[in-house]
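K.L.:
Encoded as structure tokens, here's the structure I'll be asking about.
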Amino acid sequence: MLATYPYQGHTYSFDPSTPLDISLPLAPGEQQVNCFWAEPVQFDVIRVGSFVGSVAEGGSTNYKRVHLTPHGNGTHTECYGHISPAPEATLDRCLRRFLFVARLVSVQPRVLANGDAVVLLEDVRQELAKNQTETFCPEALILRTLPNDDAKRSRQYSGTNPTYLEPAVAHYLVAQGIEHLLLDLPSVDREEDGGELLAHHAFWQYPYATRHAATITELIFVPDTVADGLYLLNLQVTSLVLDASPSKPVLYALQP
Ligand SMILES: N[C@@H](CC(=O)c1ccccc1NC=O)C(=O)O
């Protein structure tokens, strides 16, 4: 069964019954991906008087409290509120649409003289130039870094100086009209950069020309079975009134 999606004068088709989930699960414990020194996700059974919120422990229902750190525990989406003091800079206000035409590309980071692994503009440009038509502009870009090992699902990134983006990449994506950037890294910026967050600032054009609707989604995982190309992206988040939320990006292959 195919559905259609109109975009920039084209009518694309996709199969709603074949979603490709590129989120990582938010399970408790130490086996989950982790970054920025976040505590692991934790679920506590709620106990009130004789009530116990665990069916396994004899309760009538499961009723648990969740402890999680959106930026540190798994796939999450953030808005400019990540780097702004404005109380209104919350993701629930910034992200008002949930379907986007997205391009998935794979890029090999380069190791710089200082040892940092960085995704460079020249490599992103080269990938985007492939199969690009001049009139077509996707709204979202999904960056899969190479190598794409399964260890990304459970990597403990804290203190490892993970791969990040050359800030010029963020400037370029803005110029290309990309509103939503998704990547399989903990951050677009260096883990420790003295608070500069250059790529974040560049992508949101904050504070000089803030792109209020733009989002960055980090810690995705795109399995090798998903080929580079064009997708319909369904970007789902919680309604937390916060700069960021756990998120569930799901792709549908688009056919012309
Ligand atoms: N690099 C920043 C820290 C940072 O980027 C950060 C800190 C905590 C949680 C998330 C962060 N960045 C995520 O994109 C710094 O050194 O101040």
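Ligands are numbered from 1 in the order shown, chains are lettered A, B, ... in the order of the structure tokens, and residues start at 1 in each chain.
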For ligand 1, return the neighbouring residues as a PyMOL selection string (distance at most 12 Å; only C-alpha atoms and all ligand atoms).
P.N.:
chain A and resi 34-39+69-83+157-159+161-165+183-201+215-219+243-244
K.L.:
As a VMD selection string, please: all residues of stretch 17-248 of chain A that backbone DSSP puts in strand (DSSP E or B).
P.N.:
chain A and resid 20 to 21 34 42 to 45 47 to 48 51 to 52 64 to 67 76 to 78 99 to 107 110 to 111 117 to 119 140 to 145 156 164 to 165 180 to 183 215 to 218 229 to 237 244 to 248
K.L.:
Per DSSP on the backbone, filter stretch 10-229 of chain A down to the residues in helix (DSSP H, G or I) and report them as a compact mmCIF listing (two decimals) with C-alpha atoms, in the first residue's frame.
P.N.:
# COMPACT_ATOMS: atom_id res chain seq x y z
CA VAL A 55 2.76 -6.26 38.67
CA ALA A 56 5.81 -8.49 39.06
CA GLU A 57 5.80 -7.63 42.77
CA PRO A 70 17.48 14.06 27.46
CA HIS A 71 20.90 15.35 26.29
CA GLY A 72 22.79 12.44 27.77
CA ASN A 73 20.74 9.24 27.64
CA TYR A 80 17.71 26.92 20.31
CA GLY A 81 16.62 26.82 23.96
CA HIS A 82 19.68 24.60 24.49
CA ILE A 83 21.84 27.73 24.28
CA LEU A 91 11.03 22.42 21.99
CA ASP A 92 7.24 22.06 22.24
CA ARG A 93 6.94 25.63 20.92
CA CYS A 94 9.68 25.33 18.30
CA LEU A 121 32.47 20.72 5.22
CA GLU A 122 34.27 19.52 2.11
CA ASP A 123 33.14 15.94 2.76
CA VAL A 124 29.54 16.90 3.52
CA ARG A 125 29.44 19.07 0.38
CA GLN A 126 30.75 16.23 -1.73
CA GLU A 127 28.11 13.84 -0.42
CA LEU A 128 25.32 16.36 -0.89
CA ALA A 129 26.46 17.07 -4.45
CA ASP A 150 26.89 -1.39 16.20
CA ALA A 151 28.84 -0.20 19.26
CA LYS A 152 27.23 3.20 18.66
CA ARG A 153 24.13 1.77 20.33
CA PRO A 167 31.21 24.76 12.44
CA ALA A 168 31.35 25.58 8.70
CA VAL A 169 29.12 22.53 8.14
CA ALA A 170 26.39 24.17 10.22
CA HIS A 171 26.74 27.48 8.32
CA TYR A 172 26.53 25.59 5.03
CA LEU A 173 23.41 23.65 6.03
CA VAL A 174 21.68 26.90 6.99
CA ALA A 175 22.52 28.29 3.53
CA LEU A 198 30.06 27.19 17.65
CA ALA A 199 28.12 24.73 15.47
CA HIS A 200 25.02 25.02 17.67
CA HIS A 201 25.16 28.82 17.42
CA ALA A 202 25.73 28.65 13.67
CA PHE A 203 22.89 26.21 13.00
CA TRP A 204 20.37 28.26 14.98
K.L.:
Using only C-alpha atoms, determine which residues lie at most 6 Å from stretch 3-19 of chain A, disregarding the query and same-chain residues fewer than 4 positions distant; provide the list as a PyMOL selection string.
P.N.:
chain A and resi 251-256
K.L.:
Select, from A:Phe221, A:Met1, A:Leu230, A:Ser84, the residue with the minimum atom-to-atom distance to A:Ser154, counting only C-alpha atoms.
P.N.:
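Of A:Phe221, A:Met1, A:Leu230, A:Ser84, the one nearest A:Ser154 is A:Phe221, counting only C-alpha atoms.
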K.L.:
Set the distance at 10 Å and use only C-alpha atoms: which residues neighbour A:Arg65 once local chain neighbours fewer than 5 positions away are removed? I'd like the list as a list in words.
P.N.:
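Residues near the query, excluding close chain neighbours: Gln42, Phe43, Asp44, Val45, Ile46 and Gly53 of chain A.
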K.L.:
Go ahead and dump the residues you just picked, N, CA, C and O atoms, as a short mmCIF file (atom, residue, chain, number, x, y, z; two decimals), in the first residue's frame.
P.N.:
data_model
loop_
_atom_site.label_atom_id
_atom_site.label_comp_id
_atom_site.auth_asym_id
_atom_site.auth_seq_id
_atom_site.Cartn_x
_atom_site.Cartn_y
_atom_site.Cartn_z
N GLN A 42 16.72 5.63 34.78
CA GLN A 42 16.30 4.80 35.91
C GLN A 42 14.78 4.81 36.02
O GLN A 42 14.16 5.86 35.84
N PHE A 43 14.20 3.65 36.28
CA PHE A 43 12.75 3.54 36.52
C PHE A 43 12.55 3.10 37.97
O PHE A 43 13.06 2.05 38.36
N ASP A 44 11.83 3.88 38.75
CA ASP A 44 11.56 3.52 40.15
C ASP A 44 10.11 3.08 40.31
O ASP A 44 9.20 3.79 39.86
N VAL A 45 9.91 1.98 40.98
CA VAL A 45 8.55 1.52 41.30
C VAL A 45 7.96 2.48 42.34
O VAL A 45 8.60 2.78 43.35
N ILE A 46 6.76 2.98 42.08
CA ILE A 46 6.11 3.90 43.02
C ILE A 46 5.36 3.08 44.08
O ILE A 46 4.62 2.14 43.74
N GLY A 53 3.62 -0.28 42.67
CA GLY A 53 3.44 -0.08 41.22
C GLY A 53 4.23 -1.06 40.37
O GLY A 53 4.89 -0.65 39.41
#
K.L.:
Compare A:Leu141, A:Ala89, A:Leu240, A:Val118 by their minimum atom-to-atom distance to A:His180, counting only C-alpha atoms, and give me the closest one.
P.N.:
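Ranked by minimum distance to A:His180, first place goes to A:Leu141.
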K.L.:
Residues near A:Pro223, anyone? I mean within 10 Å using only C-alpha atoms, not counting same-chain ones fewer than 4 positions away, as an MDAnalysis selection string.
P.N.:
chainID A and resid 20:22 144 148:150 227
K.L.:
Taking 4 positions as the minimum chain separation for residues in the same chain, which residues sit within 8 Å of A:Glu139 when counting only C-alpha atoms? Answer as a list in words.
P.N.:
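Result of the neighbour search: Phe100, Val101, Ala102, Gly177, Ile178, Glu179 and His180 of chain A.
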K.L.:
May I have the selected residues written with N, CA, C and O atoms, as a PDB file, in the first residue's frame?
P.N.:
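Everything below was put into again_7.pdb:
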ATOM      1  N   PHE A 100       8.829  15.650   7.457  1.00  0.00           N
ATOM      2  CA  PHE A 100       9.781  16.430   6.662  1.00  0.00           C
ATOM      3  C   PHE A 100      10.400  15.547   5.595  1.00  0.00           C
ATOM      4  O   PHE A 100      10.601  14.345   5.811  1.00  0.00           O
ATOM      5  N   VAL A 101      10.755  16.159   4.481  1.00  0.00           N
ATOM      6  CA  VAL A 101      11.536  15.435   3.478  1.00  0.00           C
ATOM      7  C   VAL A 101      13.003  15.527   3.884  1.00  0.00           C
ATOM      8  O   VAL A 101      13.517  16.623   4.158  1.00  0.00           O
ATOM      9  N   ALA A 102      13.639  14.371   3.982  1.00  0.00           N
ATOM     10  CA  ALA A 102      14.999  14.306   4.538  1.00  0.00           C
ATOM     11  C   ALA A 102      15.939  13.588   3.588  1.00  0.00           C
ATOM     12  O   ALA A 102      15.541  12.676   2.861  1.00  0.00           O
ATOM     13  N   GLY A 177      19.205  25.651   3.419  1.00  0.00           N
ATOM     14  CA  GLY A 177      17.798  25.598   3.827  1.00  0.00           C
ATOM     15  C   GLY A 177      17.442  24.404   4.690  1.00  0.00           C
ATOM     16  O   GLY A 177      16.268  24.073   4.852  1.00  0.00           O
ATOM     17  N   ILE A 178      18.466  23.748   5.268  1.00  0.00           N
ATOM     18  CA  ILE A 178      18.192  22.608   6.151  1.00  0.00           C
ATOM     19  C   ILE A 178      17.702  23.121   7.505  1.00  0.00           C
ATOM     20  O   ILE A 178      18.397  23.859   8.193  1.00  0.00           O
ATOM     21  N   GLU A 179      16.495  22.708   7.887  1.00  0.00           N
ATOM     22  CA  GLU A 179      15.902  23.172   9.153  1.00  0.00           C
ATOM     23  C   GLU A 179      16.094  22.158  10.273  1.00  0.00           C
ATOM     24  O   GLU A 179      16.028  22.509  11.448  1.00  0.00           O
ATOM     25  N   HIS A 180      16.285  20.902   9.890  1.00  0.00           N
ATOM     26  CA  HIS A 180      16.392  19.849  10.900  1.00  0.00           C
ATOM     27  C   HIS A 180      17.609  18.992  10.591  1.00  0.00           C
ATOM     28  O   HIS A 180      17.714  18.432   9.500  1.00  0.00           O
TER      29      HIS A 180
END
K.L.:
Separation of atom CA of A:Ser23 and atom CA of A:Thr160, in Å?
P.N.:
22.1 Å
K.L.:
Looking at A:Gln176, A:Ser245, A:Ser50, A:Ser60, which one is nearest to A:Thr90, with distances taken over only C-alpha atoms?
P.N.:
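Among the listed residues, A:Ser245 lies closest to A:Thr90.
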K.L.:
Work out how far apart atom CA of A:Val52 and atom CA of A:Pro28 are and give it in Å to one decimal.
P.N.:
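Between these atoms lies a distance of 19.4 Å.
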K.L.:
Just want the 8 Å neighbourhood of A:Arg103, counted on only C-alpha atoms, with same-chain residues fewer than 5 positions away dropped. Output as a list in words.
P.N.:
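So the residues in contact are Pro138, Ala140, Leu141, Ile142, Asp228, Gly229, Leu230 and Tyr231 of chain A.
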K.L.:
Store the residues of this selection in a file with N, CA and C atoms, as a PDB file, in the first residue's frame.
P.N.:
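Output contents, as saved in again-v1.pdb:
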ATOM      1  N   PRO A 138      15.915  19.404   0.372  1.00  0.00           N
ATOM      2  CA  PRO A 138      15.285  18.724   1.501  1.00  0.00           C
ATOM      3  C   PRO A 138      15.203  19.665   2.705  1.00  0.00           C
ATOM      4  N   ALA A 140      15.383  18.397   5.862  1.00  0.00           N
ATOM      5  CA  ALA A 140      16.140  17.766   6.950  1.00  0.00           C
ATOM      6  C   ALA A 140      17.330  17.023   6.366  1.00  0.00           C
ATOM      7  N   LEU A 141      18.410  16.986   7.149  1.00  0.00           N
ATOM      8  CA  LEU A 141      19.591  16.224   6.745  1.00  0.00           C
ATOM      9  C   LEU A 141      19.939  15.251   7.862  1.00  0.00           C
ATOM     10  N   ILE A 142      20.170  14.002   7.461  1.00  0.00           N
ATOM     11  CA  ILE A 142      20.566  12.971   8.420  1.00  0.00           C
ATOM     12  C   ILE A 142      22.004  12.599   8.108  1.00  0.00           C
ATOM     13  N   ASP A 228      21.766   5.356   1.877  1.00  0.00           N
ATOM     14  CA  ASP A 228      21.748   6.805   1.666  1.00  0.00           C
ATOM     15  C   ASP A 228      20.663   7.129   0.640  1.00  0.00           C
ATOM     16  N   GLY A 229      19.990   8.249   0.820  1.00  0.00           N
ATOM     17  CA  GLY A 229      18.950   8.619  -0.146  1.00  0.00           C
ATOM     18  C   GLY A 229      17.906   9.527   0.468  1.00  0.00           C
ATOM     19  N   LEU A 230      16.743   9.513  -0.148  1.00  0.00           N
ATOM     20  CA  LEU A 230      15.666  10.431   0.208  1.00  0.00           C
ATOM     21  C   LEU A 230      14.594   9.709   1.037  1.00  0.00           C
ATOM     22  N   TYR A 231      14.167  10.346   2.117  1.00  0.00           N
ATOM     23  CA  TYR A 231      13.191   9.726   3.022  1.00  0.00           C
ATOM     24  C   TYR A 231      12.153  10.750   3.476  1.00  0.00           C
TER      25      TYR A 231
END
